[in-house]
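K.L.:
my_file-v6.csv is reproduced in full below (CSV, C-alpha atoms).
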```
chain,number,residue,atom,x,y,z
A,1,MET,CA,0.0,0.0,0.0
A,2,GLN,CA,1.4,3.4,-0.9
A,3,GLU,CA,0.7,7.1,-0.4
A,4,THR,CA,1.9,10.1,-2.4
A,5,ALA,CA,1.3,13.7,-1.7
A,6,GLU,CA,2.4,15.7,-4.8
A,7,PRO,CA,-0.4,16.8,-7.2
A,8,GLU,CA,1.1,15.3,-10.2
A,9,ASP,CA,1.5,12.0,-8.4
A,10,LEU,CA,-2.1,12.1,-7.3
A,11,LEU,CA,-3.1,12.6,-10.9
A,12,SER,CA,-0.9,9.7,-12.1
A,13,ASP,CA,-2.4,7.4,-9.5
A,14,SER,CA,-6.0,8.4,-10.3
A,15,LEU,CA,-5.5,7.4,-14.0
A,16,HIS,CA,-5.9,3.7,-13.0
A,17,ILE,CA,-9.2,4.3,-11.3
A,18,LEU,CA,-10.6,6.5,-14.0
A,19,TYR,CA,-9.3,4.8,-17.2
A,20,GLY,CA,-7.8,1.5,-16.1
A,21,TYR,CA,-4.4,3.1,-17.0
A,22,THR,CA,-1.8,1.4,-14.7
A,23,PRO,CA,1.2,3.7,-13.9
A,24,ILE,CA,4.7,2.4,-14.3
A,25,THR,CA,6.2,5.0,-11.9
A,26,HIS,CA,5.1,6.8,-8.8
A,27,ALA,CA,6.3,10.0,-7.1
A,28,SER,CA,8.8,12.5,-8.5
A,29,ALA,CA,12.3,13.7,-7.7
A,30,GLY,CA,12.5,15.2,-4.2
A,31,SER,CA,9.0,14.3,-3.2
A,32,LEU,CA,8.2,12.1,-0.2
A,33,PHE,CA,6.6,8.7,-0.8
A,34,ARG,CA,5.0,6.6,2.0
A,35,TYR,CA,4.5,2.9,1.9
A,36,THR,CA,2.5,1.0,4.5
A,37,LEU,CA,3.6,-2.6,5.3
A,38,HIS,CA,0.9,-5.3,5.5
A,39,PRO,CA,-0.1,-4.9,9.2
A,40,LEU,CA,0.0,-8.7,10.0
A,41,LEU,CA,3.3,-9.4,8.2
A,42,PRO,CA,5.6,-11.2,10.6
A,43,THR,CA,8.7,-9.3,11.6
A,44,SER,CA,11.0,-12.2,10.9
A,45,SER,CA,11.1,-16.0,10.6
A,46,GLU,CA,12.0,-16.1,14.3
A,47,SER,CA,8.7,-14.5,15.4
A,48,ASN,CA,5.0,-14.5,14.6
A,49,SER,CA,4.5,-11.1,16.2
A,50,PRO,CA,3.0,-8.4,14.0
A,51,ILE,CA,5.1,-5.4,13.0
A,52,ASP,CA,5.8,-3.0,15.9
A,53,ALA,CA,3.5,-0.1,16.4
A,54,ASN,CA,4.6,3.6,16.6
A,55,ASN,CA,4.4,3.9,12.8
A,56,ALA,CA,7.1,1.2,12.4
A,57,ASN,CA,4.9,-0.2,9.7
A,58,VAL,CA,5.1,2.9,7.6
A,59,ILE,CA,8.1,3.4,5.3
A,60,THR,CA,8.9,7.0,4.3
A,61,LEU,CA,11.1,7.5,1.3
A,62,VAL,CA,12.5,10.6,-0.4
A,63,THR,CA,12.4,10.1,-4.1
A,64,PRO,CA,15.9,10.4,-5.5
A,65,ASN,CA,17.3,12.9,-7.9
A,66,THR,CA,20.4,12.5,-10.0
A,67,LEU,CA,23.0,14.7,-11.5
A,68,ALA,CA,22.0,16.2,-14.9
A,69,ASN,CA,24.4,14.0,-16.8
A,70,ASN,CA,22.9,10.8,-15.2
A,71,TRP,CA,19.3,11.6,-16.1
A,72,ALA,CA,19.2,8.6,-18.4
A,73,LEU,CA,19.3,6.4,-15.3
A,74,HIS,CA,15.5,7.2,-14.8
A,75,ALA,CA,16.1,6.8,-11.1
A,76,SER,CA,13.9,9.8,-10.0
A,77,SER,CA,10.7,7.8,-9.5
A,78,ILE,CA,9.4,4.8,-7.4
A,79,TRP,CA,8.8,2.1,-10.1
A,80,THR,CA,5.8,-0.1,-10.0
A,81,SER,CA,8.0,-3.1,-10.1
A,82,ALA,CA,9.6,-2.1,-6.8
A,83,LEU,CA,6.1,-1.8,-5.3
A,84,TYR,CA,5.3,-5.2,-6.6
A,85,VAL,CA,8.3,-6.7,-4.9
A,86,ALA,CA,7.4,-5.0,-1.6
A,87,ASP,CA,3.8,-6.1,-1.9
A,88,HIS,CA,4.8,-9.7,-2.7
A,89,LEU,CA,7.8,-10.4,-0.5
A,90,ASP,CA,6.7,-14.0,-0.2
A,91,GLY,CA,7.9,-14.4,-3.8
A,92,LEU,CA,11.5,-14.1,-2.6
A,93,HIS,CA,11.1,-17.3,-0.4
A,94,LEU,CA,13.2,-15.7,2.3
A,95,PRO,CA,12.2,-18.2,5.0
A,96,ALA,CA,13.4,-21.1,2.9
A,97,HIS,CA,16.6,-19.3,2.0
A,98,ILE,CA,17.2,-18.6,5.7
A,99,ARG,CA,16.8,-22.2,6.5
A,100,ALA,CA,19.2,-23.2,3.8
A,101,ALA,CA,21.8,-20.8,5.0
A,102,ALA,CA,21.4,-22.0,8.6
A,103,ASP,CA,21.8,-25.6,7.4
A,104,ALA,CA,25.0,-24.6,5.5
A,105,GLY,CA,26.3,-22.7,8.5
A,106,TRP,CA,26.7,-19.3,7.0
A,107,LEU,CA,24.0,-17.1,8.5
A,108,PRO,CA,23.2,-14.3,8.3
A,109,LEU,CA,21.5,-14.6,4.9
A,110,ARG,CA,23.0,-12.0,2.6
A,111,VAL,CA,20.6,-10.2,0.3
A,112,LEU,CA,21.5,-7.7,-2.4
A,113,GLU,CA,19.2,-5.3,-4.3
A,114,LEU,CA,20.7,-4.0,-7.5
A,115,GLY,CA,19.3,-0.8,-9.1
A,116,ALA,CA,17.7,0.0,-5.7
A,117,GLY,CA,16.8,3.6,-6.4
A,118,ALA,CA,14.9,4.8,-3.4
A,119,GLY,CA,15.5,1.4,-1.7
A,120,LEU,CA,11.9,0.3,-1.1
A,121,PRO,CA,12.4,-3.5,-1.5
A,122,SER,CA,15.7,-3.4,0.5
A,123,ILE,CA,14.1,-1.4,3.3
A,124,VAL,CA,11.0,-3.6,3.4
A,125,ILE,CA,13.2,-6.8,3.7
A,126,ALA,CA,15.3,-5.2,6.5
A,127,LYS,CA,12.2,-3.9,8.3
A,128,THR,CA,10.5,-7.3,8.3
A,129,HIS,CA,13.6,-9.2,9.4
A,130,PRO,CA,14.9,-7.2,12.4
A,131,GLY,CA,17.0,-10.0,13.9
A,132,SER,CA,20.5,-11.1,13.0
A,133,ARG,CA,19.5,-13.7,10.4
A,134,VAL,CA,19.3,-11.3,7.4
A,135,VAL,CA,21.7,-8.6,6.2
A,136,VAL,CA,20.7,-6.4,3.2
A,137,THR,CA,22.8,-4.4,0.8
A,138,ALA,CA,21.1,-1.7,-1.3
A,139,SER,CA,23.1,-0.7,-4.4
A,140,ASP,CA,22.7,1.6,-7.3
A,141,TYR,CA,24.8,3.7,-9.7
A,142,PRO,CA,27.5,5.8,-8.0
A,143,ASP,CA,25.7,9.1,-8.6
A,144,VAL,CA,26.2,11.3,-5.5
A,145,GLN,CA,22.6,12.6,-5.3
A,146,LEU,CA,21.1,9.1,-5.9
A,147,ILE,CA,23.3,7.4,-3.3
A,148,ALA,CA,22.7,10.2,-0.7
A,149,ALA,CA,18.9,9.8,-1.1
A,150,LEU,CA,19.3,6.0,-0.7
A,151,GLU,CA,21.4,6.3,2.4
A,152,GLU,CA,19.0,8.9,3.9
A,153,ASN,CA,16.1,6.5,3.3
A,154,VAL,CA,17.9,3.6,5.0
A,155,ARG,CA,18.6,5.9,8.0
A,156,ARG,CA,15.2,7.5,8.3
A,157,ASN,CA,13.5,4.1,8.4
A,158,GLY,CA,15.7,2.8,11.2
A,159,VAL,CA,17.4,-0.1,9.3
A,160,ALA,CA,20.9,1.1,9.0
A,161,ASP,CA,22.1,-1.6,11.4
A,162,ARG,CA,21.1,-4.3,8.9
A,163,CYS,CA,20.9,-2.6,5.5
A,164,GLY,CA,24.1,-1.1,4.0
A,165,VAL,CA,24.4,1.0,0.9
A,166,VAL,CA,27.1,0.3,-1.7
A,167,PRO,CA,27.5,2.4,-5.0
A,168,HIS,CA,28.2,0.1,-8.0
A,169,ALA,CA,28.2,0.6,-11.7
A,170,TRP,CA,27.1,-2.7,-13.3
A,171,GLY,CA,30.0,-4.6,-14.9
A,172,SER,CA,32.6,-2.9,-12.8
A,173,ASP,CA,34.9,-4.1,-10.0
A,174,PRO,CA,32.6,-5.8,-7.3
A,175,SER,CA,35.2,-5.6,-4.5
A,176,PRO,CA,33.3,-2.8,-2.6
A,177,PHE,CA,30.6,-5.4,-1.9
A,178,TRP,CA,33.2,-7.5,0.0
A,179,SER,CA,34.6,-4.7,2.2
A,180,ASN,CA,33.8,-6.7,5.3
A,181,GLU,CA,34.7,-10.1,3.8
A,182,ASP,CA,37.9,-11.9,3.0
A,183,GLY,CA,37.2,-11.8,-0.8
A,184,SER,CA,37.3,-15.6,-1.2
A,185,GLU,CA,35.4,-17.3,-3.9
A,186,GLU,CA,33.0,-18.7,-1.4
A,187,GLU,CA,31.7,-15.3,-0.6
A,188,GLY,CA,28.7,-13.7,-2.3
A,189,PHE,CA,25.0,-13.0,-1.9
A,190,ASP,CA,22.5,-15.7,-1.3
A,191,VAL,CA,19.7,-13.7,-2.8
A,192,VAL,CA,19.9,-10.9,-5.4
A,193,VAL,CA,16.8,-8.8,-6.1
A,194,ALA,CA,16.2,-6.3,-8.8
A,195,ALA,CA,13.1,-4.4,-9.9
A,196,ASP,CA,12.9,-2.8,-13.4
A,197,THR,CA,16.5,-3.1,-14.3
A,198,LEU,CA,16.0,-4.7,-17.8
A,199,TRP,CA,14.3,-1.9,-19.8
A,200,ASN,CA,17.6,-0.9,-21.5
A,201,SER,CA,19.0,-3.7,-23.7
A,202,ASP,CA,22.3,-1.9,-24.0
A,203,LEU,CA,22.9,-2.6,-20.3
A,204,HIS,CA,22.0,-6.3,-20.3
A,205,GLY,CA,25.6,-7.5,-20.6
A,206,SER,CA,27.0,-5.4,-17.8
A,207,PHE,CA,24.1,-6.3,-15.6
A,208,LEU,CA,24.6,-10.0,-16.2
A,209,LYS,CA,28.3,-9.6,-15.5
A,210,THR,CA,27.5,-8.1,-12.1
A,211,LEU,CA,25.0,-10.9,-11.3
A,212,GLN,CA,27.7,-13.4,-12.2
A,213,GLN,CA,30.2,-11.7,-9.9
A,214,VAL,CA,28.0,-11.3,-6.8
A,215,LEU,CA,25.8,-14.4,-6.6
A,216,ARG,CA,27.1,-16.9,-4.1
A,217,ARG,CA,28.2,-20.1,-5.9
A,218,THR,CA,25.8,-22.5,-4.2
A,219,LYS,CA,22.8,-24.5,-5.5
A,220,ASP,CA,20.4,-22.6,-3.3
A,221,ALA,CA,21.5,-19.1,-4.3
A,222,ARG,CA,18.9,-17.2,-6.4
A,223,ILE,CA,18.3,-14.1,-8.4
A,224,TYR,CA,14.8,-12.6,-8.5
A,225,LEU,CA,14.0,-10.1,-11.2
A,226,ILE,CA,10.7,-8.2,-11.6
A,227,ALA,CA,10.5,-6.3,-14.9
A,228,GLY,CA,7.9,-4.1,-16.4
A,229,LEU,CA,6.9,-4.4,-20.1
A,230,HIS,CA,7.1,-0.7,-20.9
A,231,THR,CA,10.0,-1.1,-23.4
A,232,GLY,CA,8.4,-4.2,-24.9
A,233,ARG,CA,8.6,-8.0,-24.7
A,234,TYR,CA,11.5,-8.2,-27.1
A,235,THR,CA,13.8,-6.3,-24.8
A,236,LEU,CA,13.1,-8.9,-22.0
A,237,HIS,CA,13.4,-11.8,-24.5
A,238,ALA,CA,16.8,-10.5,-25.6
A,239,PHE,CA,17.9,-10.6,-21.9
A,240,MET,CA,16.7,-14.1,-21.5
A,241,GLN,CA,18.6,-15.2,-24.5
A,242,MET,CA,21.9,-14.0,-22.9
A,243,ILE,CA,21.5,-15.6,-19.5
A,244,GLU,CA,23.2,-18.9,-20.1
A,245,ASP,CA,26.2,-17.2,-21.6
A,246,TYR,CA,26.9,-16.0,-18.0
A,247,GLY,CA,26.6,-19.5,-16.4
A,248,LEU,CA,23.0,-18.9,-15.2
A,249,VAL,CA,19.7,-20.5,-16.1
A,250,LEU,CA,16.1,-19.5,-15.7
A,251,VAL,CA,14.2,-21.5,-13.1
A,252,SER,CA,10.9,-19.9,-13.9
A,253,VAL,CA,9.5,-16.9,-15.8
A,254,VAL,CA,5.9,-15.9,-15.1
A,255,GLU,CA,3.8,-12.9,-16.0
A,256,ARG,CA,1.9,-11.5,-13.0
A,257,GLU,CA,-0.9,-8.9,-12.9
A,258,VAL,CA,0.2,-5.7,-11.2
A,259,ASN,CA,-3.1,-4.9,-9.5
A,260,GLY,CA,-4.6,-8.4,-9.2
A,261,THR,CA,-3.9,-12.1,-8.7
A,262,LEU,CA,-3.8,-13.4,-12.2
A,263,SER,CA,-0.6,-15.0,-13.5
A,264,ARG,CA,0.4,-16.7,-16.8
A,265,LEU,CA,3.4,-18.2,-18.4
A,266,TRP,CA,5.7,-15.9,-20.3
A,267,ASP,CA,5.0,-15.7,-24.0
A,268,VAL,CA,7.0,-13.3,-26.2
A,269,SER,CA,4.5,-13.7,-29.0
A,270,ARG,CA,2.0,-11.6,-27.1
A,271,ALA,CA,4.0,-8.6,-28.3
A,272,GLU,CA,2.1,-8.8,-31.6
A,273,GLY,CA,-1.4,-8.4,-30.1
A,274,GLU,CA,-1.1,-6.1,-27.1
A,275,ASP,CA,-1.0,-2.3,-26.8
A,276,GLU,CA,0.8,-0.2,-24.2
A,277,LYS,CA,-2.2,-0.1,-21.9
A,278,GLU,CA,-2.3,-3.9,-21.7
A,279,ARG,CA,1.4,-4.1,-21.1
A,280,ARG,CA,1.2,-1.9,-18.1
A,281,HIS,CA,-1.1,-4.4,-16.4
A,282,TRP,CA,1.7,-6.9,-16.1
A,283,VAL,CA,5.1,-7.5,-14.7
A,284,VAL,CA,7.4,-10.4,-15.6
A,285,ASP,CA,8.8,-12.4,-12.6
A,286,MET,CA,12.0,-14.3,-13.3
A,287,GLU,CA,13.9,-16.6,-11.0
A,288,LEU,CA,17.5,-17.5,-11.9
A,289,LYS,CA,20.2,-19.8,-10.5
A,290,TRP,CA,23.6,-21.2,-11.4
A,291,LYS,CA,23.4,-23.5,-14.4
A,292,ASN,CA,26.0,-26.1,-13.4
A,293,ILE,CA,26.0,-26.1,-9.6
A,294,THR,CA,23.9,-28.8,-8.0
```
Please re-express this file's structure in structure tokens.
P.N.:
Amino acid sequence: MQETAEPEDLLSDSLHILYGYTPITHASAGSLFRYTLHPLLPTSSESNSPIDANNANVITLVTPNTLANNWALHASSIWTSALYVADHLDGLHLPAHIRAAADAGWLPLRVLELGAGAGLPSIVIAKTHPGSRVVVTASDYPDVQLIAALEENVRRNGVADRCGVVPHAWGSDPSPFWSNEDGSEEEGFDVVVAADTLWNSDLHGSFLKTLQQVLRRTKDARIYLIAGLHTGRYTLHAFMQMIEDYGLVLVSVVEREVNGTLSRLWDVSRAEGEDEKERRHWVVDMELKWKNIT
């Protein structure tokens, strides 16, 4: 559940009600965005208690801005795909990942969000797992204004003790992620999450290189990608065609209704019969793992 206060944001959000027009972004640079957690969502796998009172169930985000030369990042909004991740946290299967990490003896579970923007999924994960069993890293392009907003959002929502911020340009040296690690090949993230990071096909190679560099090399490690269809199905299809070149494989790829419960198998051929309005009703949910690690 989300709240926006800016007039242009209210207009954008009303389009869905008036015309069935699903927005792909929310909020605008510099505006505040409030997201309310599901009130009965457990705080962690260690407890069945509801989220703490005193507005701990409300996440307040400042929507990032960027330097003028980084406008093409399109990071100055809250993307619908990020909201989808926050609303459907069960799709990340974190309790199962925590159990697998515990069985393997390497708790806490390490979660990375790439292209975090305002950091909503990262902060929701950290908020709902306040113990010592999950540590989150929120990452985005090293733009000073973008990273400052992301760091501010982590602090203002009280999760800085278990959610760090690391600037990273996809395809570049991943060593800043291991600043507190020994850098050995066994290190990495058990779960990698990204929302709406596939819209630009020119960046697919560098994005996949980073995924390859940061995912822990275990059979249980997973990548969860939620992507909108606003740049078309063929853009996502091109990404899927590249995955195995980086040692990864698709576990599943499902289309899910943004404002509903419908789901269907991915089908690139739908590109020939749908318009922009129809595309906006869906996100594509991908799960990836290592191809040759069993």
K.L.:
Take CA of Pro142 in chain A and CA of Val166 in chain A and report the distance between them in Å, one decimal.
P.N.:
8.4 Å
K.L.:
Rounded to one decimal place, report the CA of Asp190 in chain A-CA of Leu92 in chain A distance in Å.
P.N.:
11.2 Å
K.L.:
Val165 in chain A: which residues within 10 Å, counting only C-alpha atoms, same-chain residues fewer than 5 positions away excluded, as a VMD selection string?
P.N.:
chain A and resid 112 to 113 116 119 122 136 to 140 147 to 148 150 to 151 154 160 177
K.L.:
Which residue is closest to Ile59 in chain A? Choose from A:Leu89, A:Leu248, A:Ala96, A:Val159 and count all atoms listed in the file.
P.N.:
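With all atoms listed in the file as the atom set, the closest residue is A:Val159.
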K.L.:
Can you pull out every residue within 12 Å of His88 in chain A, counting all atoms listed in the file, but drop anything in the same chain fewer than 4 positions away, and send it as a VMD selection string?
P.N.:
chain A and resid 1 37 to 38 41 81 to 84 92 to 94 121 124 to 125 224 226 256 to 261 285
K.L.:
Using only C-alpha atoms, find the one residue out of A:Gly205, A:Gly228, A:Gly117, A:Gly164 that sits nearest to Val135 in chain A.
P.N.:
A:Gly164
K.L.:
With distances taken over only C-alpha atoms, which of A:Ala149, A:Leu211, A:Ala195, A:Val251 is nearest to His168 in chain A?
P.N.:
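Of A:Ala149, A:Leu211, A:Ala195, A:Val251, the one nearest His168 in chain A, counting only C-alpha atoms, is A:Leu211.
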K.L.:
Please determine, counting all atoms listed in the file, which residue among A:Asn57, A:Ser132, A:Thr66, A:Gln241 has the shortest atom-to-atom distance to Leu146 in chain A.
P.N.:
A:Thr66
K.L.:
CA of Asn69 in chain A and CA of Ser206 in chain A, how far apart in Å?
P.N.:
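If I compute the distance from CA of Ser206 in chain A to CA of Asn69 in chain A, I get 19.6 Å.
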K.L.:
Give me the residues near Tyr234 in chain A as a list of chain:residue names, where near means some atom within 10 Å (using only C-alpha atoms) and where sequence neighbours in that chain fewer than 6 positions away do not count.
P.N.:
A:Ser201, A:Met240, A:Val268, A:Ser269, A:Ala271
